[in-house]
Each structure stands twice: as structure tokens, then as C-alpha cells.
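Containing compact mmCIF, C-alpha atoms: query-v1.txt.
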# COMPACT_ATOMS: atom_id res chain seq x y z
CA MET S 884 116.55 -21.17 63.69
CA SER S 885 113.04 -21.12 62.18
CA PRO S 886 110.91 -18.06 63.01
CA SER S 887 108.82 -18.37 66.17
CA SER S 888 105.59 -17.43 64.39
CA LEU S 889 106.14 -20.39 62.03
CA ASP S 890 106.84 -22.75 64.96
CA GLU S 891 103.70 -21.48 66.68
CA LEU S 892 101.61 -22.07 63.53
CA ILE S 893 102.99 -25.61 63.14
CA ASP S 894 102.24 -26.30 66.80
CA ALA S 895 98.75 -24.79 66.58
CA LEU S 896 97.89 -26.96 63.55
CA ARG S 897 98.47 -30.03 65.72
CA CYS S 898 95.17 -29.37 67.52
CA LEU S 899 93.54 -30.84 64.38
CA PRO S 900 92.65 -34.53 64.81
CA GLY S 901 95.02 -36.88 63.00
CA VAL S 902 97.66 -34.20 62.37
CA GLY S 903 101.15 -35.03 63.67
CA PRO S 904 104.34 -32.94 63.56
CA LYS S 905 105.26 -33.83 59.95
CA SER S 906 101.76 -33.10 58.54
CA ALA S 907 101.55 -29.88 60.56
CA GLN S 908 104.84 -28.72 59.06
CA ARG S 909 103.68 -29.61 55.56
CA MET S 910 100.38 -27.79 56.11
CA ALA S 911 102.12 -24.64 57.42
CA TYR S 912 104.52 -24.52 54.45
CA HIS S 913 101.66 -25.09 52.03
CA LEU S 914 99.51 -22.34 53.53
CA LEU S 915 102.32 -19.77 53.67
CA GLN S 916 103.83 -20.62 50.30
CA ARG S 917 100.93 -21.67 48.08
CA ASP S 918 97.63 -20.65 49.66
CA GLN S 919 97.76 -17.48 51.73
CA ARG S 920 94.18 -16.65 50.73
CA GLY S 921 93.03 -20.06 51.97
CA ALA S 922 94.87 -19.46 55.25
CA GLN S 923 93.21 -16.07 55.67
CA ARG S 924 89.83 -17.62 54.94
CA LEU S 925 90.48 -20.43 57.45
CA ALA S 926 91.47 -17.98 60.20
CA ALA S 927 88.33 -15.93 59.58
CA ALA S 928 86.07 -19.01 59.42
CA LEU S 929 87.47 -20.31 62.73
CA ASP S 930 86.96 -16.92 64.39
CA HIS S 931 83.43 -16.57 63.08
CA ALA S 932 82.34 -20.14 63.89
CA LEU S 933 83.72 -19.88 67.43
CA ARG S 934 81.70 -16.72 67.96
CA VAL S 935 78.33 -17.73 66.49
CA ILE S 936 78.00 -21.52 66.77
CA ARG S 937 76.31 -23.00 69.82
CA HIS S 938 74.25 -26.07 70.66
CA CYS S 939 70.53 -26.28 69.90
CA ALA S 940 68.65 -26.12 73.22
CA ARG S 941 66.47 -29.04 72.12
CA CYS S 942 68.50 -31.42 69.90
CA ASN S 943 72.02 -30.37 70.94
CA THR S 944 73.34 -30.13 67.36
CA PHE S 945 75.42 -27.20 66.14
CA THR S 946 73.34 -24.16 65.29
CA GLU S 947 73.55 -20.38 65.22
CA ASP S 948 70.14 -20.07 66.90
CA GLU S 949 68.67 -20.85 70.31
CA ILE S 950 66.65 -23.67 68.72
CA CYS S 951 67.59 -25.04 65.30
CA ALA S 952 65.33 -24.90 62.25
CA ARG S 953 64.76 -28.67 62.28
CA CYS S 954 63.49 -28.66 65.87
CA LEU S 955 61.17 -25.74 65.10
CA SER S 956 59.73 -27.41 61.97
CA GLN S 957 56.01 -28.20 62.17
CA LYS S 958 56.35 -30.84 59.42
CA ARG S 959 58.20 -33.40 61.50
CA ASP S 960 56.81 -36.17 63.70
CA ALA S 961 57.34 -34.91 67.26
CA SER S 962 56.62 -38.31 68.83
CA THR S 963 59.84 -40.09 67.76
CA LEU S 964 63.29 -39.03 68.90
CA CYS S 965 66.33 -40.48 67.14
CA VAL S 966 69.57 -40.36 69.13
CA VAL S 967 72.80 -40.14 67.09
CA GLU S 968 76.44 -39.63 68.02
CA MET S 969 77.43 -36.77 65.72
CA PRO S 970 75.87 -34.25 63.29
CA ALA S 971 77.44 -36.26 60.44
CA ASP S 972 75.24 -39.25 61.44
CA LEU S 973 72.17 -37.00 61.47
CA ASN S 974 73.05 -35.82 57.96
CA MET S 975 73.32 -39.41 56.71
CA LEU S 976 69.94 -40.33 58.23
CA GLU S 977 68.35 -37.24 56.66
CA GLN S 978 69.74 -38.24 53.25
CA THR S 979 67.73 -41.48 53.40
CA HIS S 980 64.45 -39.48 53.46
CA ALA S 981 63.17 -42.47 55.50
CA TYR S 982 62.90 -40.69 58.85
CA HIS S 983 60.72 -37.71 59.63
CA GLY S 984 60.91 -37.51 63.41
CA MET S 985 63.09 -35.45 65.73
CA TYR S 986 66.76 -35.92 66.62
CA TYR S 987 69.05 -35.67 69.60
CA VAL S 988 72.78 -35.37 68.92
CA LEU S 989 75.02 -36.70 71.71
CA MET S 990 78.12 -34.95 70.33
CA GLY S 991 80.16 -38.00 71.18
CA ARG S 992 79.85 -41.44 72.69
CA ILE S 993 80.62 -43.12 75.98
CA SER S 994 84.33 -43.89 75.73
CA PRO S 995 86.06 -44.60 79.07
CA LEU S 996 89.49 -44.73 77.38
CA ASP S 997 89.04 -41.10 76.27
CA GLY S 998 87.65 -40.11 79.66
CA ILE S 999 84.14 -39.61 78.27
CA GLY S 1000 81.47 -41.04 80.55
CA PRO S 1001 77.74 -40.32 80.92
CA LYS S 1002 78.53 -37.09 82.80
CA GLU S 1003 80.80 -35.68 80.07
CA LEU S 1004 78.06 -36.35 77.48
CA HIS S 1005 75.57 -34.28 79.55
CA LEU S 1006 72.97 -37.05 79.30
CA ASP S 1007 70.69 -35.09 81.67
CA LYS S 1008 69.92 -32.84 78.68
CA LEU S 1009 68.84 -35.88 76.63
CA LEU S 1010 66.81 -37.19 79.56
CA ALA S 1011 65.01 -33.85 79.93
CA ARG S 1012 64.30 -33.80 76.18
CA ALA S 1013 63.06 -37.42 76.06
CA THR S 1014 60.73 -36.90 79.05
CA ASP S 1015 59.30 -33.53 78.02
CA GLY S 1016 55.96 -35.17 77.25
CA SER S 1017 56.09 -35.11 73.43
CA VAL S 1018 58.25 -38.18 72.85
CA GLY S 1019 56.62 -41.61 72.51
CA GLU S 1020 59.61 -43.62 71.21
CA VAL S 1021 63.34 -43.15 71.34
CA ILE S 1022 65.33 -44.74 68.49
CA LEU S 1023 68.97 -45.36 69.36
CA ALA S 1024 71.06 -44.84 66.21
CA THR S 1025 74.56 -44.83 67.67
CA ASN S 1026 77.27 -46.67 65.71
CA PHE S 1027 77.76 -50.44 65.93
CA THR S 1028 81.26 -49.93 67.30
CA ASN S 1029 82.18 -51.00 70.83
CA GLU S 1030 81.69 -47.47 72.13
CA GLY S 1031 78.46 -46.94 70.18
CA GLU S 1032 77.03 -50.23 71.47
CA ALA S 1033 78.01 -49.39 75.05
CA THR S 1034 76.38 -45.99 74.67
CA ALA S 1035 73.17 -47.54 73.27
CA HIS S 1036 73.11 -50.05 76.14
CA TYR S 1037 73.51 -47.31 78.76
CA LEU S 1038 70.90 -45.06 77.12
CA GLY S 1039 68.48 -47.98 76.76
CA GLU S 1040 68.65 -48.74 80.48
CA MET S 1041 68.36 -45.08 81.43
CA LEU S 1042 65.39 -44.31 79.19
CA ARG S 1043 63.46 -47.54 79.80
CA ALA S 1044 63.71 -46.82 83.56
CA ARG S 1045 61.66 -43.68 82.82
CA GLY S 1046 58.96 -45.75 81.14
CA LEU S 1047 59.92 -44.71 77.60
CA LYS S 1048 59.67 -47.04 74.59
CA VAL S 1049 63.21 -47.51 73.31
CA SER S 1050 64.36 -49.18 70.06
CA ARG S 1051 67.68 -49.76 68.33
CA ILE S 1052 68.30 -49.56 64.56
CA ALA S 1053 68.73 -53.01 63.01
CA ARG S 1054 71.93 -54.82 62.24
CA GLY S 1055 72.16 -57.03 59.18
CA LEU S 1056 73.58 -57.30 55.69
CA PRO S 1057 73.90 -54.06 53.75
CA VAL S 1058 71.76 -53.50 50.67
CA GLY S 1059 73.50 -55.35 47.83
CA GLY S 1060 75.48 -57.33 50.41
CA GLU S 1061 76.62 -60.86 49.59
CA ILE S 1062 76.73 -63.47 52.36
CA GLU S 1063 80.02 -64.82 51.02
CA HIS S 1064 81.71 -61.47 51.58
CA THR S 1065 80.09 -60.50 54.89
CA ASP S 1066 81.80 -60.92 58.27
CA ALA S 1067 80.53 -63.67 60.56
CA GLY S 1068 79.34 -61.28 63.28
CA THR S 1069 77.05 -59.47 60.87
CA ILE S 1070 75.65 -62.74 59.46
CA ALA S 1071 75.01 -64.06 63.00
CA GLN S 1072 73.18 -60.85 63.89
CA ALA S 1073 71.17 -60.94 60.64
CA LEU S 1074 70.03 -64.45 61.63
CA VAL S 1075 69.07 -63.41 65.17
CA GLU S 1076 67.23 -60.32 63.93
CA ARG S 1077 65.49 -62.16 61.05
CA ARG S 1078 62.03 -60.90 60.09
CA THR S 1079 58.97 -63.07 59.60
CA LEU S 1080 57.68 -62.69 56.03
CA MET F 189 70.06 -27.46 57.45
CA SER F 190 73.51 -27.07 59.07
CA PRO F 191 74.50 -23.52 60.03
CA SER F 192 76.31 -21.58 57.30
CA SER F 193 79.22 -20.68 59.60
CA LEU F 194 79.82 -24.42 60.13
CA ASP F 195 79.66 -25.11 56.38
CA GLU F 196 82.07 -22.25 55.79
CA LEU F 197 84.50 -23.63 58.40
CA ILE F 198 84.34 -27.13 56.88
CA ASP F 199 84.95 -25.66 53.43
CA ALA F 200 87.81 -23.45 54.66
CA LEU F 201 89.54 -26.45 56.30
CA ARG F 202 89.78 -28.06 52.85
CA CYS F 203 92.55 -25.60 51.91
CA LEU F 204 94.81 -27.81 54.05
CA PRO F 205 96.76 -30.33 51.93
CA GLY F 206 95.40 -33.89 52.14
CA VAL F 207 92.13 -32.83 53.79
CA GLY F 208 88.97 -33.95 51.96
CA PRO F 209 85.30 -33.31 52.82
CA LYS F 210 85.05 -36.09 55.43
CA SER F 211 88.21 -35.09 57.31
CA ALA F 212 87.25 -31.42 57.16
CA GLN F 213 83.87 -32.24 58.74
CA ARG F 214 85.56 -34.32 61.44
CA MET F 215 88.06 -31.54 62.14
CA ALA F 216 85.34 -28.88 62.39
CA TYR F 217 83.28 -30.98 64.84
CA HIS F 218 86.36 -31.74 66.89
CA LEU F 219 87.41 -28.10 67.12
CA LEU F 220 83.94 -26.82 68.01
CA GLN F 221 83.06 -29.62 70.40
CA ARG F 222 86.33 -30.68 72.03
CA ASP F 223 88.99 -28.03 71.45
CA GLN F 224 87.71 -24.47 71.22
CA ARG F 225 90.93 -23.17 72.78
CA GLY F 226 92.97 -25.00 70.14
CA ALA F 227 90.77 -23.48 67.43
CA GLN F 228 91.24 -19.98 68.87
CA ARG F 229 94.99 -20.55 69.02
CA LEU F 230 95.04 -21.80 65.41
CA ALA F 231 93.09 -18.77 64.14
CA ALA F 232 95.48 -16.42 65.96
CA ALA F 233 98.59 -18.31 64.78
CA LEU F 234 97.40 -18.17 61.15
CA ASP F 235 96.67 -14.46 61.42
CA HIS F 236 100.01 -13.70 63.03
CA ALA F 237 102.08 -15.88 60.67
CA LEU F 238 100.41 -14.36 57.60
CA ARG F 239 101.29 -10.90 58.86
CA VAL F 240 104.92 -11.39 59.92
CA ILE F 241 106.39 -14.24 57.85
CA ARG F 242 108.20 -13.45 54.63
CA HIS F 243 111.05 -14.87 52.57
CA CYS F 244 114.69 -14.26 53.42
CA ALA F 245 116.14 -11.92 50.78
CA ARG F 246 119.20 -14.17 50.49
CA CYS F 247 118.21 -17.81 51.08
CA ASN F 248 114.46 -17.54 50.39
CA THR F 249 113.44 -19.52 53.51
CA PHE F 250 110.64 -18.38 55.83
CA THR F 251 111.76 -15.67 58.24
CA GLU F 252 110.40 -12.68 60.13
CA ASP F 253 113.39 -10.53 59.12
CA GLU F 254 114.74 -9.04 55.89
CA ILE F 255 117.66 -11.51 56.06
CA CYS F 256 117.47 -14.61 58.27
CA ALA F 257 119.83 -15.28 61.18
CA ARG F 258 121.53 -18.17 59.36
CA CYS F 259 122.43 -16.00 56.34
CA LEU F 260 123.78 -13.28 58.66
CA SER F 261 125.92 -15.72 60.66
CA GLN F 262 129.67 -15.11 60.40
CA LYS F 263 130.44 -18.69 61.47
CA ARG F 264 129.28 -20.34 58.26
CA ASP F 265 131.27 -21.08 55.10
CA ALA F 266 130.08 -18.50 52.59
CA SER F 267 131.69 -20.26 49.62
CA THR F 268 129.29 -23.23 49.41
CA LEU F 269 125.59 -22.88 48.65
CA CYS F 270 123.31 -25.87 49.21
CA VAL F 271 120.03 -25.82 47.27
CA VAL F 272 117.08 -27.64 48.89
CA GLU F 273 113.40 -27.91 48.02
CA MET F 274 111.77 -27.01 51.34
CA PRO F 275 112.68 -25.66 54.81
CA ALA F 276 112.06 -29.19 56.17
CA ASP F 277 114.97 -30.45 54.03
CA LEU F 278 117.19 -27.64 55.35
CA ASN F 279 116.29 -28.67 58.92
CA MET F 280 117.24 -32.29 58.22
CA LEU F 281 120.60 -31.25 56.73
CA GLU F 282 121.28 -29.01 59.74
CA GLN F 283 120.56 -31.91 62.09
CA THR F 284 123.44 -33.86 60.54
CA HIS F 285 125.94 -31.18 61.74
CA ALA F 286 127.88 -32.22 58.61
CA TYR F 287 127.32 -29.05 56.59
CA HIS F 288 128.39 -25.56 57.56
CA GLY F 289 127.83 -23.60 54.35
CA MET F 290 124.93 -21.46 53.18
CA TYR F 291 121.53 -22.54 51.85
CA TYR F 292 119.03 -21.61 49.20
CA VAL F 293 115.46 -22.86 49.63
CA LEU F 294 113.53 -23.26 46.37
CA MET F 295 110.17 -23.48 48.18
CA GLY F 296 109.09 -26.18 45.76
CA ARG F 297 110.35 -28.14 42.82
CA ILE F 298 109.85 -28.14 39.05
CA SER F 299 106.61 -30.04 38.57
CA PRO F 300 104.90 -29.54 35.21
CA LEU F 301 101.84 -31.53 36.34
CA ASP F 302 101.23 -28.99 39.12
CA GLY F 303 101.94 -26.09 36.77
CA ILE F 304 105.23 -25.26 38.51
CA GLY F 305 108.00 -24.47 36.04
CA PRO F 306 111.28 -22.55 36.38
CA LYS F 307 109.38 -19.24 36.28
CA GLU F 308 107.01 -20.13 39.15
CA LEU F 309 110.04 -21.09 41.30
CA HIS F 310 111.58 -17.63 40.72
CA LEU F 311 114.91 -19.19 39.79
CA ASP F 312 116.26 -15.73 38.89
CA LYS F 313 116.55 -15.13 42.65
CA LEU F 314 118.69 -18.27 43.01
CA LEU F 315 120.77 -17.26 40.00
CA ALA F 316 121.41 -13.80 41.47
CA ARG F 317 122.39 -15.37 44.81
CA ALA F 318 124.67 -18.00 43.25
CA THR F 319 126.45 -15.40 41.11
CA ASP F 320 126.87 -12.71 43.77
CA GLY F 321 130.62 -13.41 43.91
CA SER F 322 130.79 -15.24 47.24
CA VAL F 323 129.75 -18.70 46.06
CA GLY F 324 132.38 -21.15 44.80
CA GLU F 325 130.32 -24.34 44.70
CA VAL F 326 126.61 -25.05 44.51
CA ILE F 327 125.47 -28.37 46.04
CA LEU F 328 122.14 -29.58 44.68
CA ALA F 329 120.25 -31.34 47.49
CA THR F 330 116.83 -31.73 45.94
CA ASN F 331 115.01 -35.03 46.50
CA PHE F 332 115.68 -38.15 44.43
CA THR F 333 112.11 -38.16 43.17
CA ASN F 334 111.29 -37.56 39.51
CA GLU F 335 110.53 -33.90 40.19
CA GLY F 336 113.59 -33.44 42.40
CA GLU F 337 115.85 -35.04 39.79
CA ALA F 338 114.36 -32.91 37.00
CA THR F 339 114.87 -29.81 39.15
CA ALA F 340 118.50 -30.76 39.86
CA HIS F 341 119.10 -31.36 36.15
CA TYR F 342 117.64 -27.99 35.20
CA LEU F 343 119.55 -26.14 37.94
CA GLY F 344 122.78 -27.93 37.03
CA GLU F 345 122.53 -26.80 33.40
CA MET F 346 121.60 -23.26 34.40
CA LEU F 347 124.36 -22.81 36.96
CA ARG F 348 127.10 -24.53 34.99
CA ALA F 349 126.34 -22.20 32.08
CA ARG F 350 127.37 -19.35 34.42
CA GLY F 351 130.72 -21.02 35.09
CA LEU F 352 129.81 -22.22 38.60
CA LYS F 353 131.03 -25.50 40.09
CA VAL F 354 127.91 -27.61 40.68
CA SER F 355 127.63 -30.91 42.58
CA ARG F 356 124.81 -33.28 43.52
CA ILE F 357 124.50 -35.14 46.85
CA ALA F 358 125.30 -38.85 46.47
CA ARG F 359 122.89 -41.71 46.00
CA GLY F 360 123.66 -45.07 47.57
CA LEU F 361 122.73 -47.45 50.34
CA PRO F 362 121.56 -45.84 53.58
CA VAL F 363 123.68 -46.20 56.72
CA GLY F 364 122.87 -49.65 58.15
CA GLY F 365 121.42 -50.65 54.77
CA GLU F 366 121.53 -54.28 53.65
CA ILE F 367 122.00 -55.08 49.97
CA GLU F 368 119.43 -57.88 50.20
CA HIS F 369 116.73 -55.41 51.20
CA THR F 370 117.65 -52.50 48.95
CA ASP F 371 115.88 -51.73 45.68
CA ALA F 372 117.73 -52.45 42.43
CA GLY F 373 117.86 -48.80 41.35
CA THR F 374 119.67 -47.76 44.52
CA ILE F 375 122.15 -50.67 44.24
CA ALA F 376 122.85 -49.81 40.61
CA GLN F 377 123.48 -46.19 41.54
CA ALA F 378 125.73 -47.21 44.46
CA LEU F 379 127.81 -49.23 41.98
CA VAL F 380 128.07 -46.33 39.51
CA GLU F 381 128.96 -43.85 42.26
CA ARG F 382 131.45 -46.20 43.99
CA ARG F 383 134.42 -44.56 45.73
CA THR F 384 138.05 -45.58 45.32
CA LEU F 385 139.46 -46.61 48.70
Take the structure in the file and write it out as C-alpha cells.
Amino acid sequence: MSPSSLDELIDALRCLPGVGPKSAQRMAYHLLQRDQRGAQRLAAALDHALRVIRHCARCNTFTEDEICARCLSQKRDASTLCVVEMPADLNMLEQTHAYHGMYYVLMGRISPLDGIGPKELHLDKLLARATDGSVGEVILATNFTNEGEATAHYLGEMLRARGLKVSRIARGLPVGGEIEHTDAGTIAQALVERRTL
Amino acid sequence: MSPSSLDELIDALRCLPGVGPKSAQRMAYHLLQRDQRGAQRLAAALDHALRVIRHCARCNTFTEDEICARCLSQKRDASTLCVVEMPADLNMLEQTHAYHGMYYVLMGRISPLDGIGPKELHLDKLLARATDGSVGEVILATNFTNEGEATAHYLGEMLRARGLKVSRIARGLPVGGEIEHTDAGTIAQALVERRTL
């Protein structure tokens, strides 16, 4: 008995990750009853983003240009290429102000359960970028999850086969971390990856 | 350094209830990277719903018509009016097949903390509906939360003052409920509201 345009909106909201039928219903009611301006703004933002956003031809991140501003910057070290899973990871690395090289954003990770293999990640684009002559070292900064580790392993093999120097960001205790409250896997890895002082 | 259309989309997604900055970012990446068709569909559904959905002149629920199909139905008992907070509550009551009267949907509840008082709920519309001559009994089916109870109390006073018969749905143990695993408040209420057999 509910209007079809409401059913369609509730159904359409379910394309959002983590949104099930109950949340979608709650969101639709909220938008129609309490925030029509927000809903209008969301519709317009979706439309606009879908029209103008594409992938940077060099680093694969989201951009409105052929090549993003970061890739065009003359101030960055062109000889190191840091590979991350998502733009959010790139943002976190940038916030450290500890890295001044280039990036490549995979836009995902190898995840067989989700049907995402090397082909779906378009790794040929990364390979072309890493072997374009400017890159001396590739730093793999994928997550330390199962999928992120598998991705780093696959990329390591692939890039080393092309004669590239490949490194992986370190595992260990976080800054301020206490051994007593750290999981065993992290402590074991911190021992293996210990640095000579 | 991220494109402004992406920032705008992430910001616009935060109008959805329960969506903070991290979820909004994750949703935006997902839509742009993995589900552009879903995003297009969502934008269109929002646009369409905002244009065609309005409130039923009689029961206040969402509809595309002046008066919704349920209010126009000749098969329903016009002498009882059940007041609920949201259309989702109405749907649950309909699924019981135990009620065949009319409804009024408040589209909210009295909630001083959220700045929603009797005026914001447009209770004059409910009052006009309840006193239009057809209604013999008003059943208050707001939630048994603090806000729902306060709303029921306020509505009860208001409607009784107009000489209407007002009732409240019962509290008690759920079907299949075990006393051992029921909270004390519910047990106490089930004792107070006990039925003579």
C-alpha cells in the first residue's frame, strides 16, 4: 500500500554499503520528512560526481582532471611510488607529512571471495606506471589484513620480476603501544622486524 | 587535494541518519568505484520521490495522491483511528491482519531534546481528523519508549478533552516470552494489566 516512488527510494538506498532494508526505510523517511533539502543536495551531488569524476591516468585516484594535481606536482620525489588500496589510505599517509613521493591507488584489493582478482584491479595500469622509467622503488602500503597481505605478496612478485626494488611498510607496535596490551601476532612481527640500534 | 565534487558527495551523504564522515567516505568510494548504476538509480529515485511524495490529507502518511488508497477504502472500519509514530509502525500493524480500522501517522514523536513538540508534529491535523464525526475510538499505538509514552500521554489528554474514547495498546510479555528472561518493568506492567479469565 505504500507509494511506489517511496518503495523505489528505499530499494535504491540499499546500494549503499552496510545499508539493509530497515536502515534504508529509516533513511527514506528521514529524508522525506525531516531533510528534503539534504535529499535534494544528495541527488545533485551524486549526479555531478558521476558526470565529472574519473580516474587519474597516472595514479588511478579519483580526480576531475586527466592527471591529478598531486601527480603533476614538481615538488614531489618522482623516484618512489607508494601503492595503497584506497584514496582514504592515501589521505592518511599524506597527513603524516612523512612521505613526499608519488602514489598509485589500487581502488581495491585482491579478494577472491568478492570476485576481485588481479584482472579486476587492472594491475597492468600499475605495471605500466611502475616501469615508466621514473620509478626506482615501489613501497607497498596495502593493509595488514588477509586481503591486503595477499595483494602485497602478489604485487611484490609481479614488480620484482620486472627488476624493480620493492619494499613493504613495517609492522610493529603502534606509537604509545604497550606490550601488555598488544596482540601476539604484532609482538612476534615486531621481534622479527627489529632494528639494530 | 581530493576533487571538490567528491568532497561535496561525501558531505551530502552525511545528511543520511547514522552516517558519519568515515561511512560517508566509504559510501562515496563504493558508489563511484563499484556501483555507478546504483548511484544513478539513487539520484533518480531521490529526485522522483521529492517531486511526487506528499502527505495523505487524512492519515498523514506518505502517498502520491491527495488521499491514500487505505483512507479511501470502503472495507475498513471508519469508527476506530489508530495513531502510530511512523509508516513503518503502520506496516507492522497491517502485517498482523488483526486491525481493520483507520490510521493516523504522526511522522515523529514528541521529543523535546530534538526540538520536536506538539506544534512541530502538527497535532491540529490529528485533532481535526479525530473530531471529524466518523471516529468513535482512538487507539494510541506509539512506542513504549520515553518519547512514545510522553506522546501517548499528551495525545490522551488532548483527545479525551474533546470527549473522545481513547485507548492505549497493551504492554505485557511477548508471545513465546518466558518470565525468567523478561525485564522487571515488563513483568510489573503485565501484572497491572492482567486480564480476568
Near chain S, 7 Å: chain F residue rows, closest pairs, all atoms listed in the file, as a Markdown table:
| residue | atom | partner | partner_atom | distance |
| --- | --- | --- | --- | --- |
| F:Ser190 | CA | S:Thr946 | CA | 6.9 |
| F:Pro191 | CA | S:Thr946 | CA | 5.4 |
| F:Ser193 | CA | S:Ala932 | CA | 5.3 |
| F:Leu194 | CA | S:Ala932 | CA | 6.2 |
| F:Glu196 | CA | S:Ala928 | CA | 6.3 |
| F:Leu197 | CA | S:Ala928 | CA | 5.0 |
| F:Ala200 | CA | S:Leu925 | CA | 4.9 |
| F:Leu201 | CA | S:Leu925 | CA | 6.2 |
| F:Cys203 | CA | S:Gly921 | CA | 5.6 |
| F:Leu204 | CA | S:Met910 | CA | 5.9 |
| F:Pro205 | CA | S:Met910 | CA | 6.1 |
| F:Met215 | CA | S:Leu899 | CA | 6.0 |
| F:Leu220 | CA | S:Leu933 | CA | 7.0 |
| F:Gly226 | CA | S:Cys898 | CA | 5.5 |
| F:Ala227 | CA | S:Leu929 | CA | 6.6 |
| F:Gln228 | CA | S:Asp930 | CA | 6.9 |
| F:Arg229 | CA | S:Ala895 | CA | 6.2 |
| F:Leu230 | CA | S:Ala895 | CA | 4.9 |
| F:Ala231 | CA | S:Ala926 | CA | 4.3 |
| F:Ala233 | CA | S:Leu892 | CA | 5.0 |
| F:Leu234 | CA | S:Ala926 | CA | 6.0 |
| F:Asp235 | CA | S:Ala926 | CA | 6.4 |
| F:His236 | CA | S:Ser888 | CA | 6.8 |
| F:Ala237 | CA | S:Ser888 | CA | 5.3 |
| F:Leu238 | CA | S:Leu915 | CA | 7.0 |
| F:Thr251 | CA | S:Pro886 | CA | 5.4 |
| F:Glu252 | CA | S:Pro886 | CA | 6.1 |
If you fit chain S onto chain F using every C-alpha atom, paired in order, what RMSD in Å do you get?
-> 0.0 Å
Please, which residues are within 9 Å of (77.4, -46.4, 71.8) by the file's coordinates, counting all atoms listed in the file, and could they come as a PyMOL selection string?
-> chain S and resi 968+991-994+1023-1038
Go ahead and save the picked residues with C-alpha atoms, as a compact mmCIF listing (two decimals), in the frame of the given file.
# COMPACT_ATOMS: atom_id res chain seq x y z
CA GLU S 968 76.44 -39.63 68.02
CA GLY S 991 80.16 -38.00 71.18
CA ARG S 992 79.85 -41.44 72.69
CA ILE S 993 80.62 -43.12 75.98
CA SER S 994 84.33 -43.89 75.73
CA LEU S 1023 68.97 -45.36 69.36
CA ALA S 1024 71.06 -44.84 66.21
CA THR S 1025 74.56 -44.83 67.67
CA ASN S 1026 77.27 -46.67 65.71
CA PHE S 1027 77.76 -50.44 65.93
CA THR S 1028 81.26 -49.93 67.30
CA ASN S 1029 82.18 -51.00 70.83
CA GLU S 1030 81.69 -47.47 72.13
CA GLY S 1031 78.46 -46.94 70.18
CA GLU S 1032 77.03 -50.23 71.47
CA ALA S 1033 78.01 -49.39 75.05
CA THR S 1034 76.38 -45.99 74.67
CA ALA S 1035 73.17 -47.54 73.27
CA HIS S 1036 73.11 -50.05 76.14
CA TYR S 1037 73.51 -47.31 78.76
CA LEU S 1038 70.90 -45.06 77.12
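Using only C-alpha atoms for every distance, the candidate list S:Val1075, S:Ile1062, S:Leu1047, S:Ile950 yields S:Leu1047 as the residue closest to Asp1015 of chain S.
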Please return segment 1037-1043 of chain S, rebuilt to all heavy atoms, as a tab-separated table (two decimals), in the frame of the given file.
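Everything below was put into part.tsv:
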chain	number	residue	atom	x	y	z
S	1037	TYR	N	73.69	-48.21	77.61
S	1037	TYR	CA	73.51	-47.31	78.76
S	1037	TYR	C	72.26	-46.46	78.58
S	1037	TYR	O	71.43	-46.33	79.50
S	1037	TYR	CB	74.75	-46.42	78.89
S	1037	TYR	CG	74.72	-45.56	80.13
S	1037	TYR	CD1	75.31	-45.98	81.31
S	1037	TYR	CD2	74.06	-44.32	80.12
S	1037	TYR	CE1	75.27	-45.19	82.45
S	1037	TYR	CE2	74.01	-43.54	81.26
S	1037	TYR	CZ	74.62	-43.97	82.42
S	1037	TYR	OH	74.57	-43.19	83.55
S	1038	LEU	N	72.07	-45.91	77.38
S	1038	LEU	CA	70.90	-45.06	77.12
S	1038	LEU	C	69.62	-45.87	77.22
S	1038	LEU	O	68.61	-45.38	77.73
S	1038	LEU	CB	71.01	-44.41	75.73
S	1038	LEU	CG	72.14	-43.39	75.53
S	1038	LEU	CD1	72.11	-42.86	74.10
S	1038	LEU	CD2	71.99	-42.24	76.52
S	1039	GLY	N	69.66	-47.11	76.71
S	1039	GLY	CA	68.48	-47.98	76.76
S	1039	GLY	C	68.02	-48.19	78.19
S	1039	GLY	O	66.82	-48.03	78.50
S	1040	GLU	N	68.99	-48.53	79.06
S	1040	GLU	CA	68.65	-48.74	80.48
S	1040	GLU	C	68.06	-47.48	81.09
S	1040	GLU	O	67.03	-47.50	81.77
S	1040	GLU	CB	69.93	-49.12	81.26
S	1040	GLU	CG	70.60	-50.40	80.80
S	1040	GLU	CD	69.93	-51.64	81.39
S	1040	GLU	OE1	69.73	-51.66	82.62
S	1040	GLU	OE2	69.58	-52.55	80.62
S	1041	MET	N	68.75	-46.37	80.83
S	1041	MET	CA	68.36	-45.08	81.43
S	1041	MET	C	66.96	-44.65	81.00
S	1041	MET	O	66.14	-44.22	81.83
S	1041	MET	CB	69.38	-44.02	81.01
S	1041	MET	CG	69.13	-42.63	81.54
S	1041	MET	SD	70.39	-41.45	80.95
S	1041	MET	CE	69.62	-40.83	79.46
S	1042	LEU	N	66.67	-44.81	79.70
S	1042	LEU	CA	65.39	-44.31	79.19
S	1042	LEU	C	64.23	-45.26	79.49
S	1042	LEU	O	63.11	-44.82	79.75
S	1042	LEU	CB	65.50	-44.06	77.67
S	1042	LEU	CG	66.52	-42.97	77.28
S	1042	LEU	CD1	66.81	-43.00	75.79
S	1042	LEU	CD2	66.01	-41.59	77.70
S	1043	ARG	N	64.52	-46.58	79.46
S	1043	ARG	CA	63.46	-47.54	79.80
S	1043	ARG	C	63.04	-47.38	81.26
S	1043	ARG	O	61.87	-47.54	81.60
S	1043	ARG	CB	63.93	-48.97	79.54
S	1043	ARG	CG	63.51	-49.52	78.17
S	1043	ARG	CD	63.49	-51.04	78.15
S	1043	ARG	NE	64.74	-51.59	78.63
S	1043	ARG	CZ	65.82	-51.81	77.86
S	1043	ARG	NH1	65.79	-51.55	76.58
S	1043	ARG	NH2	66.92	-52.31	78.38
